[in-house]
file protein-v9.cif (mmCIF, C-alpha atoms)
data_query
loop_
_atom_site.label_atom_id
_atom_site.label_comp_id
_atom_site.auth_asym_id
_atom_site.auth_seq_id
_atom_site.Cartn_x
_atom_site.Cartn_y
_atom_site.Cartn_z
CA MET A 1176 100.63 96.07 28.93
CA ILE A 1177 102.33 96.45 25.56
CA LEU A 1178 100.02 97.57 22.78
CA ASP A 1179 98.94 94.56 20.72
CA GLU A 1180 99.90 96.26 17.47
CA ILE A 1181 103.44 96.94 18.72
CA LYS A 1182 103.75 93.32 19.83
CA ASN A 1183 102.24 91.92 16.62
CA ARG A 1184 103.98 94.14 14.05
CA ARG A 1185 106.53 92.04 12.18
CA SER A 1186 108.24 92.59 8.85
CA VAL A 1187 106.16 90.79 6.22
CA ARG A 1188 107.80 89.95 2.89
CA GLU A 1189 105.25 87.51 1.42
CA TYR A 1190 101.75 88.64 0.62
CA GLN A 1191 98.54 87.00 -0.54
CA THR A 1192 97.24 88.09 -3.93
CA LYS A 1193 94.02 89.21 -2.21
CA ASP A 1194 93.39 92.90 -2.85
CA VAL A 1195 93.41 95.57 -0.15
CA ASP A 1196 90.46 97.94 -0.17
CA ASP A 1197 91.09 101.66 -0.68
CA VAL A 1198 89.23 102.31 2.58
CA LEU A 1199 92.01 100.49 4.43
CA ILE A 1200 94.76 102.23 2.47
CA ASN A 1201 93.17 105.54 3.44
CA GLU A 1202 93.19 104.55 7.11
CA ILE A 1203 96.86 103.57 6.93
CA ILE A 1204 97.76 106.91 5.36
CA LYS A 1205 95.61 108.74 7.89
CA ALA A 1206 97.69 107.10 10.62
CA GLY A 1207 100.81 108.34 8.82
CA GLN A 1208 99.38 111.86 8.76
CA PHE A 1209 98.61 111.71 12.48
CA ALA A 1210 102.31 111.14 13.27
CA PRO A 1211 104.25 114.08 14.65
CA THR A 1212 106.41 116.15 12.29
CA ALA A 1213 109.24 118.54 13.13
CA MET A 1214 107.72 121.90 14.14
CA ASN A 1215 104.37 120.46 13.01
CA ASN A 1216 105.30 120.97 9.34
CA ARG A 1217 102.83 118.33 8.04
CA ALA A 1218 104.68 118.11 4.76
CA VAL A 1219 104.56 114.33 4.26
CA GLU A 1220 102.63 113.17 1.18
CA PHE A 1221 102.03 109.65 -0.11
CA VAL A 1222 102.13 107.90 -3.47
CA VAL A 1223 99.93 104.79 -3.62
CA ILE A 1224 100.75 102.33 -6.38
CA ARG A 1225 98.37 99.61 -7.54
CA LYS A 1226 99.22 99.49 -11.26
CA GLN A 1227 101.12 96.28 -12.03
CA GLU A 1228 103.11 97.98 -14.76
CA THR A 1229 104.39 100.59 -12.31
CA LYS A 1230 105.19 97.97 -9.68
CA ASP A 1231 107.19 96.04 -12.28
CA LYS A 1232 109.15 99.18 -13.12
CA ILE A 1233 109.83 99.81 -9.43
CA PHE A 1234 111.02 96.22 -9.09
CA LYS A 1235 113.48 96.83 -11.92
CA ILE A 1236 114.85 99.82 -10.03
CA CYS A 1237 114.91 98.40 -6.50
CA GLY A 1238 114.63 94.62 -6.70
CA GLN A 1239 112.79 92.42 -4.14
CA GLU A 1240 110.08 90.06 -5.34
CA PHE A 1241 107.49 91.48 -2.94
CA ILE A 1242 107.58 94.79 -4.81
CA LYS A 1243 105.92 93.07 -7.76
CA LYS A 1244 103.64 90.86 -5.71
CA ALA A 1245 102.24 93.08 -2.95
CA PRO A 1246 98.83 94.39 -4.05
CA VAL A 1247 99.69 97.93 -2.96
CA LEU A 1248 102.88 99.95 -2.50
CA ILE A 1249 102.95 103.20 -0.55
CA ILE A 1250 105.85 105.63 -0.85
CA PRO A 1251 105.91 108.47 1.68
CA ALA A 1252 107.67 111.64 0.50
CA THR A 1253 108.31 114.87 2.32
CA ASP A 1254 108.93 118.41 1.15
CA THR A 1255 112.48 119.34 2.16
CA SER A 1256 111.60 123.02 1.76
CA LYS A 1257 109.21 122.62 4.71
CA THR A 1258 111.13 120.35 7.13
CA ASN A 1259 114.67 120.19 8.40
CA CYS A 1260 114.14 116.64 9.68
CA PRO A 1261 112.93 114.70 6.61
CA VAL A 1262 114.22 111.26 7.65
CA ARG A 1263 112.70 111.61 11.10
CA ASP A 1264 109.34 112.78 9.71
CA LEU A 1265 109.18 109.95 7.16
CA SER A 1266 110.26 107.37 9.73
CA VAL A 1267 107.69 108.17 12.41
CA ALA A 1268 104.96 108.36 9.76
CA SER A 1269 106.06 104.94 8.48
CA GLU A 1270 105.93 103.41 11.96
CA ASN A 1271 102.38 104.69 12.47
CA MET A 1272 101.47 103.15 9.13
CA PHE A 1273 103.03 99.80 10.08
CA LEU A 1274 101.06 99.70 13.31
CA GLN A 1275 97.81 100.81 11.72
CA ALA A 1276 98.23 98.15 9.02
CA THR A 1277 98.85 95.54 11.73
CA SER A 1278 95.63 96.54 13.47
CA LEU A 1279 93.79 96.00 10.16
CA GLY A 1280 95.26 92.51 9.72
CA LEU A 1281 97.67 93.68 7.03
CA GLY A 1282 101.40 93.17 6.66
CA THR A 1283 104.10 95.67 5.72
CA VAL A 1284 107.86 95.99 5.67
CA TRP A 1285 110.35 98.85 5.44
CA LYS A 1286 111.94 98.38 2.01
CA ASN A 1287 114.85 100.74 2.22
CA VAL A 1288 115.70 103.04 -0.69
CA SER A 1289 119.09 104.47 0.11
CA ILE A 1290 121.02 104.55 -3.17
CA PRO A 1291 120.79 108.09 -4.60
CA SER A 1292 120.41 106.91 -8.22
CA GLN A 1293 117.49 104.63 -7.21
CA LYS A 1294 115.77 107.51 -5.42
CA GLU A 1295 116.16 109.68 -8.51
CA GLU A 1296 114.81 106.99 -10.84
CA LEU A 1297 111.84 106.34 -8.57
CA LYS A 1298 111.00 110.02 -8.24
CA LYS A 1299 111.20 110.44 -12.01
CA LEU A 1300 109.03 107.36 -12.64
CA LEU A 1301 106.33 108.55 -10.23
CA GLY A 1302 106.57 112.28 -10.94
CA ILE A 1303 107.57 113.12 -7.38
CA PRO A 1304 108.86 116.73 -7.35
CA ASN A 1305 112.60 117.14 -6.92
CA ARG A 1306 112.45 118.87 -3.55
CA PHE A 1307 110.66 115.89 -1.99
CA LYS A 1308 112.74 113.27 -0.19
CA ILE A 1309 111.93 109.56 -0.08
CA VAL A 1310 113.58 106.91 2.10
CA ASN A 1311 111.50 103.76 1.69
CA ILE A 1312 108.75 101.81 -0.03
CA ILE A 1313 106.00 100.25 2.09
CA PRO A 1314 104.32 97.23 0.49
CA VAL A 1315 100.89 96.47 1.94
CA GLY A 1316 99.02 93.18 1.73
CA TYR A 1317 97.52 90.31 3.65
CA PRO A 1318 100.42 88.23 5.03
CA GLU A 1319 100.99 84.85 3.40
CA SER A 1320 101.71 83.35 6.83
CA GLU A 1321 101.40 84.34 10.47
CA SER A 1322 104.46 85.68 12.27
CA PRO A 1323 104.91 85.19 16.02
CA PRO A 1324 104.49 88.35 18.08
CA HIS A 1325 107.41 89.96 19.94
CA THR A 1326 108.01 88.41 23.34
CA LYS A 1327 110.20 89.19 26.32
CA GLN A 1328 113.03 87.46 24.45
CA ASP A 1329 113.12 90.56 22.25
CA PHE A 1330 113.54 92.83 25.28
CA SER A 1331 116.99 93.44 26.76
CA LYS A 1332 117.01 95.15 30.13
CA ASP A 1333 120.76 95.59 29.77
CA LYS A 1334 120.11 98.18 27.06
CA ILE A 1335 118.58 100.47 29.69
CA HIS A 1336 121.00 102.75 31.51
CA TRP A 1337 119.66 104.36 34.66
CA ASN A 1338 120.72 108.00 35.10
CA GLU A 1339 123.96 107.41 33.22
CA TRP A 1340 125.54 104.93 30.82
CA MET B 1090 89.22 102.31 12.53
CA ILE B 1091 92.30 104.32 13.50
CA LEU B 1092 94.17 102.97 16.51
CA ASP B 1093 93.18 104.93 19.61
CA GLU B 1094 96.80 105.54 20.55
CA ILE B 1095 97.58 107.02 17.14
CA LYS B 1096 94.52 109.26 17.42
CA ASN B 1097 95.24 110.27 21.01
CA ARG B 1098 99.01 110.81 20.80
CA ARG B 1099 99.70 114.53 21.06
CA SER B 1100 102.85 116.43 21.93
CA VAL B 1101 102.74 117.13 25.66
CA ARG B 1102 104.94 119.90 27.05
CA GLU B 1103 103.47 120.32 30.55
CA TYR B 1104 103.62 117.51 33.04
CA GLN B 1105 102.25 116.86 36.51
CA THR B 1106 104.82 116.40 39.27
CA LYS B 1107 103.36 112.91 39.90
CA ASP B 1108 106.05 110.28 39.53
CA VAL B 1109 106.01 107.61 36.82
CA ASP B 1110 106.64 104.07 38.01
CA ASP B 1111 109.66 102.18 36.66
CA VAL B 1112 107.30 99.41 35.53
CA LEU B 1113 105.76 101.84 33.06
CA ILE B 1114 109.14 103.18 31.93
CA ASN B 1115 110.18 99.60 31.23
CA GLU B 1116 107.07 99.03 29.12
CA ILE B 1117 107.75 102.19 27.12
CA ILE B 1118 111.31 101.10 26.43
CA LYS B 1119 110.14 97.59 25.58
CA ALA B 1120 107.90 99.16 22.93
CA GLY B 1121 110.95 101.02 21.63
CA GLN B 1122 112.88 97.76 21.43
CA PHE B 1123 110.03 96.07 19.54
CA ALA B 1124 110.33 98.65 16.74
CA PRO B 1125 111.99 97.53 13.52
CA THR B 1126 115.66 98.39 12.95
CA ALA B 1127 117.62 98.41 9.70
CA MET B 1128 118.68 94.83 8.93
CA ASN B 1129 117.39 93.92 12.38
CA ASN B 1130 120.49 95.44 14.03
CA ARG B 1131 118.79 95.97 17.42
CA ALA B 1132 121.44 98.48 18.44
CA VAL B 1133 119.22 101.07 20.12
CA GLU B 1134 119.87 101.60 23.84
CA PHE B 1135 118.20 103.97 26.27
CA VAL B 1136 119.30 106.33 29.03
CA VAL B 1137 116.62 106.98 31.64
CA ILE B 1138 117.10 110.09 33.75
CA ARG B 1139 115.29 110.71 37.02
CA LYS B 1140 117.97 112.61 38.95
CA GLN B 1141 116.97 116.26 39.26
CA GLU B 1142 120.59 117.39 39.18
CA THR B 1143 121.12 115.67 35.83
CA LYS B 1144 117.85 117.07 34.43
CA ASP B 1145 118.96 120.56 35.47
CA LYS B 1146 122.27 120.06 33.65
CA ILE B 1147 120.44 118.85 30.53
CA PHE B 1148 118.20 121.92 30.73
CA LYS B 1149 121.32 124.11 30.75
CA ILE B 1150 122.50 122.40 27.57
CA CYS B 1151 119.20 122.20 25.66
CA GLY B 1152 116.71 124.58 27.27
CA GLN B 1153 112.93 123.95 27.52
CA GLU B 1154 111.27 124.11 30.95
CA PHE B 1155 109.76 120.64 30.60
CA ILE B 1156 113.26 119.12 30.66
CA LYS B 1157 113.54 120.16 34.32
CA LYS B 1158 109.95 119.42 35.22
CA ALA B 1159 109.12 116.08 33.60
CA PRO B 1160 109.62 113.31 36.16
CA VAL B 1161 111.54 111.16 33.67
CA LEU B 1162 113.61 111.79 30.55
CA ILE B 1163 114.50 109.02 28.12
CA ILE B 1164 117.27 109.44 25.57
CA PRO B 1165 117.48 106.74 22.89
CA ALA B 1166 120.97 106.20 21.43
CA THR B 1167 122.12 103.87 18.71
CA ASP B 1168 125.46 102.32 17.88
CA THR B 1169 126.56 103.72 14.52
CA SER B 1170 129.00 100.84 14.12
CA LYS B 1171 125.98 98.52 13.90
CA THR B 1172 123.47 100.49 11.80
CA ASN B 1173 123.66 102.53 8.63
CA CYS B 1174 120.26 104.10 9.33
CA PRO B 1175 120.63 105.62 12.82
CA VAL B 1176 118.06 108.41 12.43
CA ARG B 1177 115.49 106.01 11.05
CA ASP B 1178 116.11 103.46 13.83
CA LEU B 1179 115.88 106.08 16.57
CA SER B 1180 112.78 107.66 15.02
CA VAL B 1181 110.69 104.52 14.69
CA ALA B 1182 111.69 103.45 18.21
CA SER B 1183 110.62 106.88 19.47
CA GLU B 1184 107.23 106.65 17.77
CA ASN B 1185 106.57 103.26 19.38
CA MET B 1186 107.50 104.80 22.72
CA PHE B 1187 105.13 107.75 22.16
CA LEU B 1188 102.25 105.41 21.37
CA GLN B 1189 102.99 103.04 24.23
CA ALA B 1190 103.17 106.00 26.64
CA THR B 1191 99.82 107.24 25.30
CA SER B 1192 98.27 103.84 25.98
CA LEU B 1193 99.52 104.08 29.58
CA GLY B 1194 97.96 107.55 30.05
CA LEU B 1195 101.34 109.27 29.82
CA GLY B 1196 102.47 112.23 27.76
CA THR B 1197 105.65 112.68 25.73
CA VAL B 1198 107.14 114.99 23.15
CA TRP B 1199 110.01 114.82 20.66
CA LYS B 1200 112.51 117.34 22.02
CA ASN B 1201 114.91 117.66 19.14
CA VAL B 1202 118.66 117.68 19.73
CA SER B 1203 120.18 118.73 16.44
CA ILE B 1204 123.06 121.06 17.31
CA PRO B 1205 126.31 119.02 17.23
CA SER B 1206 127.82 120.78 20.28
CA GLN B 1207 124.67 120.00 22.32
CA LYS B 1208 124.83 116.34 21.31
CA GLU B 1209 128.47 116.20 22.38
CA GLU B 1210 127.79 117.87 25.73
CA LEU B 1211 124.87 115.55 26.43
CA LYS B 1212 126.82 112.44 25.54
CA LYS B 1213 129.70 113.56 27.77
CA LEU B 1214 127.36 114.37 30.67
CA LEU B 1215 125.66 110.97 30.48
CA GLY B 1216 128.70 108.89 29.55
CA ILE B 1217 127.20 107.80 26.21
CA PRO B 1218 130.01 106.25 24.12
CA ASN B 1219 131.23 108.34 21.21
CA ARG B 1220 130.07 105.96 18.48
CA PHE B 1221 126.46 106.22 19.65
CA LYS B 1222 124.18 108.73 17.95
CA ILE B 1223 121.36 110.62 19.65
CA VAL B 1224 118.68 112.75 18.01
CA ASN B 1225 116.18 113.58 20.73
CA ILE B 1226 115.13 113.64 24.36
CA ILE B 1227 111.76 112.13 25.31
CA PRO B 1228 110.27 113.55 28.52
CA VAL B 1229 107.68 111.27 30.11
CA GLY B 1230 105.02 112.29 32.61
CA TYR B 1231 101.33 112.56 33.31
CA PRO B 1232 99.96 115.41 31.16
CA GLU B 1233 98.98 118.58 32.99
CA SER B 1234 95.92 118.91 30.74
CA GLU B 1235 94.05 116.83 28.20
CA SER B 1236 94.72 117.37 24.51
CA PRO B 1237 92.05 116.75 21.90
CA PRO B 1238 92.63 113.66 19.73
CA HIS B 1239 93.41 113.90 16.03
CA THR B 1240 90.30 114.20 13.88
CA LYS B 1241 89.53 114.14 10.17
CA GLN B 1242 90.56 117.80 10.09
CA ASP B 1243 94.14 116.54 10.45
CA PHE B 1244 93.75 114.29 7.41
CA SER B 1245 94.30 115.68 3.90
CA LYS B 1246 93.18 113.43 1.09
CA ASP B 1247 94.94 115.77 -1.32
CA LYS B 1248 98.28 114.53 0.02
CA ILE B 1249 97.54 111.10 -1.46
CA HIS B 1250 98.64 110.57 -5.05
CA TRP B 1251 97.16 107.53 -6.78
CA ASN B 1252 99.66 105.69 -9.00
CA GLU B 1253 101.57 108.88 -9.72
CA TRP B 1254 102.02 112.38 -8.34
#

call {"tool": "encode", "arguments": {"input": "protein-v9.cif", "output": "C-alpha cells"}}
result
Amino acid sequence: MILDEIKNRRSVREYQTKDVDDVLINEIIKAGQFAPTAMNNRAVEFVVIRKQETKDKIFKICGQEFIKKAPVLIIPATDTSKTNCPVRDLSVASENMFLQATSLGLGTVWKNVSIPSQKEELKKLLGIPNRFKIVNIIPVGYPESESPPHTKQDFSKDKIHWNEW
Amino acid sequence: MILDEIKNRRSVREYQTKDVDDVLINEIIKAGQFAPTAMNNRAVEFVVIRKQETKDKIFKICGQEFIKKAPVLIIPATDTSKTNCPVRDLSVASENMFLQATSLGLGTVWKNVSIPSQKEELKKLLGIPNRFKIVNIIPVGYPESESPPHTKQDFSKDKIHWNEW
C-alpha cells in the first residue's frame, strides 16, 4: 500500500551527465511549494544552479564530487522574517522534492550544509539575502545506477509505541 | 506531472468519528521510517495514541479540538544521541506520513509543539525518554469534508532564481 515514490526514493550520489529539462525542474519545485509551511507562510524560495562555474565554486565551499557532476543543484531558502520554523519548512519542502523527482525518474540526495561559515559563503556566492536560511543542497540528475527500493527490512515495528512508550 | 498525493495533501483539522484501522496506521508509520535521516541514523520512533483519556490529557496540554476528536494521534520522536539533525529528521518523516495518509484517503495536519514546557509535559505523560526530541503531533482520521487540491495558483515562478538570486 506504500506509495511507490516513498518506497523507491533512495539517496543518489552518482548522476549521469544527461541534462534535466527545465520543465522537470519546475515540477520538482512546484512539489516543494505544495508542501505545508508553518502558519501557511509560503516563504520558501529556490535557487537553481546549472552553471558549471558556480557548481565548481560550491564544490570548493562544501566538497562532494556530485556537487560538480550533477547537472542541476537546487538550494531551498526561507525567509526567517516570515517563519518561526525555518528548518521544518525547508525539510518538508525538500522531502516533497525528493519524492517528485523520484516519480520523474530522477535522483536526489540531501547534501547537508550545517557549518555556519559555509552557509555564509554560499549565500554570498548566490546573492541569497541575509535573512534567508538554507540547510541543504539538492543535486538533481538521472541516477548512474538503480537503487533497490525500501522493503519490510527497513521497517521496525518495535519503533512503534502503542498509547505510551 | 505532480504526484497526486502532493497535490491532494491539505491540512485537515476536522475528522469523522470513524475509526482508522491499525493496518493503515502501520503503513503511515512505515512511510515515516522510509524517509531519509541524517547519516542514515534511523532513530525516529513513534507513539500512537488511541486512548480517549490520553487524548484528553494531551488536549489539556496543547489545546486544539481535533486533538480530542481525531481517532488516532501519532507523535514522532527522535533520539538526539543518534542524530545531529533532529528537526530535519522528524520533519521529513512527517511529510512522508502526510503523503502516505493522503494516499489512503486519510487526513492529517502538523500540530506544532514548540513551547518547551508543553514538550516536557507531553514526554512525561507518554513516557518518552528525556533524550528524545518531539516537534509535533499528527492527528489521523477520515476528513470531515473534502479539500480542494493544490493548483497552479499555489505555484509562484517568481520564487525560483536561476543561477543566482

call {"tool": "atom_distance", "arguments": {"input": "protein-v9.cif", "atom1": "CA of Glu1321 in chain A", "atom2": "CA of Val1288 in chain A"}}
result
26.1 Å

call {"tool": "atom_distance", "arguments": {"input": "protein-v9.cif", "atom1": "CA of Ala1268 in chain A", "atom2": "CA of Glu1295 in chain A"}}
result
21.5 Å

call {"tool": "closest_residue", "arguments": {"input": "protein-v9.cif", "among": "B:Val1198, B:Ile1138, B:Ala1127, B:Val1109", "to": "chain A", "atoms": "only C-alpha atoms"}}
result
B:Ile1138

call {"tool": "calpha_fit_and_write", "arguments": {"input": "protein-v9.cif", "fixed": "chain A", "moving": "chain B", "output": "short mmCIF file (atom, residue, chain, number, x, y, z; two decimals) with C-alpha atoms, in the frame of the given file"}}
result
data_model
loop_
_atom_site.label_atom_id
_atom_site.label_comp_id
_atom_site.auth_asym_id
_atom_site.auth_seq_id
_atom_site.Cartn_x
_atom_site.Cartn_y
_atom_site.Cartn_z
CA MET B 1090 100.64 96.05 28.95
CA ILE B 1091 102.34 96.44 25.57
CA LEU B 1092 100.04 97.57 22.78
CA ASP B 1093 98.94 94.57 20.73
CA GLU B 1094 99.91 96.26 17.48
CA ILE B 1095 103.43 96.94 18.72
CA LYS B 1096 103.74 93.32 19.83
CA ASN B 1097 102.24 91.92 16.63
CA ARG B 1098 103.98 94.14 14.06
CA ARG B 1099 106.51 92.04 12.18
CA SER B 1100 108.22 92.59 8.85
CA VAL B 1101 106.16 90.79 6.22
CA ARG B 1102 107.80 89.95 2.90
CA GLU B 1103 105.25 87.52 1.42
CA TYR B 1104 101.76 88.65 0.62
CA GLN B 1105 98.55 87.00 -0.55
CA THR B 1106 97.24 88.09 -3.94
CA LYS B 1107 94.01 89.23 -2.21
CA ASP B 1108 93.39 92.89 -2.88
CA VAL B 1109 93.41 95.55 -0.16
CA ASP B 1110 90.46 97.93 -0.18
CA ASP B 1111 91.09 101.65 -0.67
CA VAL B 1112 89.23 102.30 2.59
CA LEU B 1113 92.00 100.49 4.44
CA ILE B 1114 94.75 102.23 2.48
CA ASN B 1115 93.18 105.54 3.45
CA GLU B 1116 93.19 104.56 7.12
CA ILE B 1117 96.86 103.58 6.93
CA ILE B 1118 97.76 106.91 5.37
CA LYS B 1119 95.60 108.75 7.89
CA ALA B 1120 97.69 107.10 10.62
CA GLY B 1121 100.80 108.34 8.81
CA GLN B 1122 99.39 111.86 8.75
CA PHE B 1123 98.60 111.72 12.48
CA ALA B 1124 102.29 111.15 13.26
CA PRO B 1125 104.24 114.08 14.66
CA THR B 1126 106.40 116.15 12.29
CA ALA B 1127 109.23 118.53 13.13
CA MET B 1128 107.71 121.88 14.13
CA ASN B 1129 104.37 120.46 13.02
CA ASN B 1130 105.29 120.97 9.34
CA ARG B 1131 102.82 118.34 8.05
CA ALA B 1132 104.68 118.09 4.76
CA VAL B 1133 104.55 114.33 4.26
CA GLU B 1134 102.63 113.16 1.18
CA PHE B 1135 102.04 109.65 -0.11
CA VAL B 1136 102.12 107.89 -3.46
CA VAL B 1137 99.93 104.79 -3.62
CA ILE B 1138 100.75 102.33 -6.38
CA ARG B 1139 98.38 99.61 -7.55
CA LYS B 1140 99.23 99.49 -11.26
CA GLN B 1141 101.13 96.29 -12.02
CA GLU B 1142 103.12 97.98 -14.77
CA THR B 1143 104.39 100.60 -12.33
CA LYS B 1144 105.19 97.96 -9.68
CA ASP B 1145 107.19 96.03 -12.29
CA LYS B 1146 109.16 99.18 -13.13
CA ILE B 1147 109.84 99.82 -9.43
CA PHE B 1148 111.02 96.21 -9.10
CA LYS B 1149 113.49 96.83 -11.94
CA ILE B 1150 114.86 99.82 -10.04
CA CYS B 1151 114.93 98.40 -6.50
CA GLY B 1152 114.62 94.61 -6.70
CA GLN B 1153 112.80 92.43 -4.13
CA GLU B 1154 110.06 90.06 -5.34
CA PHE B 1155 107.49 91.48 -2.93
CA ILE B 1156 107.58 94.80 -4.80
CA LYS B 1157 105.92 93.07 -7.76
CA LYS B 1158 103.65 90.86 -5.71
CA ALA B 1159 102.23 93.08 -2.96
CA PRO B 1160 98.83 94.39 -4.05
CA VAL B 1161 99.70 97.94 -2.97
CA LEU B 1162 102.88 99.95 -2.50
CA ILE B 1163 102.95 103.20 -0.55
CA ILE B 1164 105.85 105.63 -0.86
CA PRO B 1165 105.91 108.46 1.68
CA ALA B 1166 107.67 111.64 0.50
CA THR B 1167 108.31 114.87 2.31
CA ASP B 1168 108.93 118.41 1.15
CA THR B 1169 112.47 119.34 2.16
CA SER B 1170 111.62 123.02 1.76
CA LYS B 1171 109.23 122.62 4.71
CA THR B 1172 111.13 120.34 7.12
CA ASN B 1173 114.67 120.18 8.41
CA CYS B 1174 114.14 116.63 9.69
CA PRO B 1175 112.94 114.70 6.62
CA VAL B 1176 114.22 111.26 7.66
CA ARG B 1177 112.70 111.60 11.10
CA ASP B 1178 109.34 112.78 9.70
CA LEU B 1179 109.18 109.96 7.16
CA SER B 1180 110.25 107.37 9.73
CA VAL B 1181 107.70 108.17 12.41
CA ALA B 1182 104.95 108.37 9.77
CA SER B 1183 106.05 104.95 8.49
CA GLU B 1184 105.92 103.41 11.97
CA ASN B 1185 102.37 104.68 12.48
CA MET B 1186 101.46 103.16 9.13
CA PHE B 1187 103.03 99.80 10.09
CA LEU B 1188 101.05 99.70 13.33
CA GLN B 1189 97.80 100.81 11.74
CA ALA B 1190 98.22 98.15 9.03
CA THR B 1191 98.85 95.55 11.74
CA SER B 1192 95.62 96.54 13.47
CA LEU B 1193 93.78 96.01 10.17
CA GLY B 1194 95.27 92.50 9.74
CA LEU B 1195 97.67 93.69 7.05
CA GLY B 1196 101.40 93.17 6.66
CA THR B 1197 104.10 95.67 5.72
CA VAL B 1198 107.85 96.00 5.66
CA TRP B 1199 110.35 98.86 5.44
CA LYS B 1200 111.93 98.39 2.02
CA ASN B 1201 114.86 100.75 2.21
CA VAL B 1202 115.71 103.04 -0.69
CA SER B 1203 119.11 104.46 0.12
CA ILE B 1204 121.02 104.54 -3.17
CA PRO B 1205 120.78 108.09 -4.61
CA SER B 1206 120.40 106.90 -8.23
CA GLN B 1207 117.49 104.63 -7.21
CA LYS B 1208 115.78 107.51 -5.42
CA GLU B 1209 116.16 109.67 -8.52
CA GLU B 1210 114.81 106.98 -10.84
CA LEU B 1211 111.83 106.34 -8.57
CA LYS B 1212 110.99 110.01 -8.24
CA LYS B 1213 111.19 110.44 -12.02
CA LEU B 1214 109.02 107.36 -12.65
CA LEU B 1215 106.33 108.55 -10.24
CA GLY B 1216 106.56 112.28 -10.96
CA ILE B 1217 107.58 113.12 -7.38
CA PRO B 1218 108.86 116.73 -7.36
CA ASN B 1219 112.60 117.13 -6.95
CA ARG B 1220 112.46 118.86 -3.56
CA PHE B 1221 110.67 115.89 -2.01
CA LYS B 1222 112.74 113.27 -0.20
CA ILE B 1223 111.94 109.56 -0.07
CA VAL B 1224 113.58 106.91 2.09
CA ASN B 1225 111.49 103.78 1.68
CA ILE B 1226 108.76 101.81 -0.04
CA ILE B 1227 106.01 100.25 2.10
CA PRO B 1228 104.32 97.23 0.49
CA VAL B 1229 100.89 96.49 1.94
CA GLY B 1230 99.02 93.20 1.72
CA TYR B 1231 97.53 90.32 3.64
CA PRO B 1232 100.42 88.23 5.02
CA GLU B 1233 100.99 84.86 3.40
CA SER B 1234 101.71 83.35 6.82
CA GLU B 1235 101.41 84.35 10.46
CA SER B 1236 104.46 85.67 12.27
CA PRO B 1237 104.92 85.18 16.00
CA PRO B 1238 104.50 88.35 18.08
CA HIS B 1239 107.40 89.96 19.93
CA THR B 1240 108.02 88.41 23.34
CA LYS B 1241 110.21 89.18 26.33
CA GLN B 1242 113.04 87.46 24.46
CA ASP B 1243 113.13 90.57 22.25
CA PHE B 1244 113.54 92.83 25.28
CA SER B 1245 117.00 93.45 26.77
CA LYS B 1246 117.01 95.14 30.14
CA ASP B 1247 120.76 95.57 29.77
CA LYS B 1248 120.13 98.17 27.07
CA ILE B 1249 118.59 100.46 29.69
CA HIS B 1250 121.00 102.75 31.51
CA TRP B 1251 119.65 104.37 34.67
CA ASN B 1252 120.72 108.00 35.09
CA GLU B 1253 123.96 107.40 33.21
CA TRP B 1254 125.52 104.91 30.82
#

call {"tool": "closest_residue", "arguments": {"input": "protein-v9.cif", "among": "B:Asn1130, B:Ser1203, B:Thr1191, B:Asn1252", "to": "Ile1223 in chain B", "atoms": "only C-alpha atoms"}}
result
B:Ser1203

call {"tool": "resolve_selection", "arguments": {"input": "protein-v9.cif", "expression": "the PyMOL selection byres ((chain A) within 7 of (chain B))", "output": "count of residues only"}}
result
35

call {"tool": "axis_aligned_box", "arguments": {"input": "protein-v9.cif", "around": "range 1270-1282 of chain A", "padding_each_side": "8 Å", "output": "AutoDock Vina command-line options"}}
result
--center_x 99.9 --center_y 98.6 --center_z 10.1 --size_x 28.1 --size_y 28.2 --size_z 22.8

call {"tool": "closest_residue", "arguments": {"input": "protein-v9.cif", "among": "B:Ile1114, B:Gln1242, B:Glu1233, B:Phe1221", "to": "Arg1102 in chain B", "atoms": "all atoms listed in the file"}}
result
B:Glu1233

call {"tool": "atom_distance", "arguments": {"input": "protein-v9.cif", "atom1": "CA of Gln1105 in chain B", "atom2": "CA of Lys1146 in chain B"}}
result
20.5 Å

call {"tool": "resolve_selection", "arguments": {"input": "protein-v9.cif", "expression": "the PyMOL selection byres ((chain A and resi 1234) around 12)", "output": "JSON, numbers by chain"}}
result
{"A": [1227, 1228, 1229, 1230, 1231, 1232, 1233, 1235, 1236, 1237, 1238, 1239, 1240, 1241, 1242, 1243, 1244, 1245, 1248, 1286, 1288, 1293, 1296, 1297, 1300, 1312, 1314]}

call {"tool": "residues_around", "arguments": {"input": "protein-v9.cif", "residues": "Ser1320 in chain A", "least_positions_apart": "4", "cutoff": "9 Å", "atoms": "only C-alpha atoms", "output": "PyMOL selection string"}}
result
chain A and resi 1187+1189-1191

call {"tool": "decode", "arguments": {"input": "protein-v9.cif", "residues": "range 1152-1157 of chain B", "atoms": "N, CA, C and O atoms", "output": "tab-separated table (two decimals), in the first residue's frame"}}
result
chain	number	residue	atom	x	y	z
B	1152	GLY	N	-4.08	22.11	23.68
B	1152	GLY	CA	-5.24	22.71	23.05
B	1152	GLY	C	-5.59	22.09	21.71
B	1152	GLY	O	-5.06	21.03	21.37
B	1153	GLN	N	-6.48	22.70	20.97
B	1153	GLN	CA	-6.96	22.29	19.63
B	1153	GLN	C	-7.97	21.14	19.72
B	1153	GLN	O	-7.59	20.00	20.04
B	1154	GLU	N	-9.20	21.45	19.39
B	1154	GLU	CA	-10.29	20.46	19.47
B	1154	GLU	C	-9.96	19.14	18.77
B	1154	GLU	O	-10.32	18.07	19.24
B	1155	PHE	N	-9.27	19.23	17.62
B	1155	PHE	CA	-9.04	18.00	16.86
B	1155	PHE	C	-8.16	16.99	17.61
B	1155	PHE	O	-8.16	15.81	17.27
B	1156	ILE	N	-7.44	17.45	18.60
B	1156	ILE	CA	-6.62	16.54	19.40
B	1156	ILE	C	-7.52	15.55	20.15
B	1156	ILE	O	-7.20	14.36	20.27
B	1157	LYS	N	-8.66	16.04	20.61
B	1157	LYS	CA	-9.61	15.15	21.32
B	1157	LYS	C	-10.39	14.30	20.34
B	1157	LYS	O	-10.79	13.19	20.64
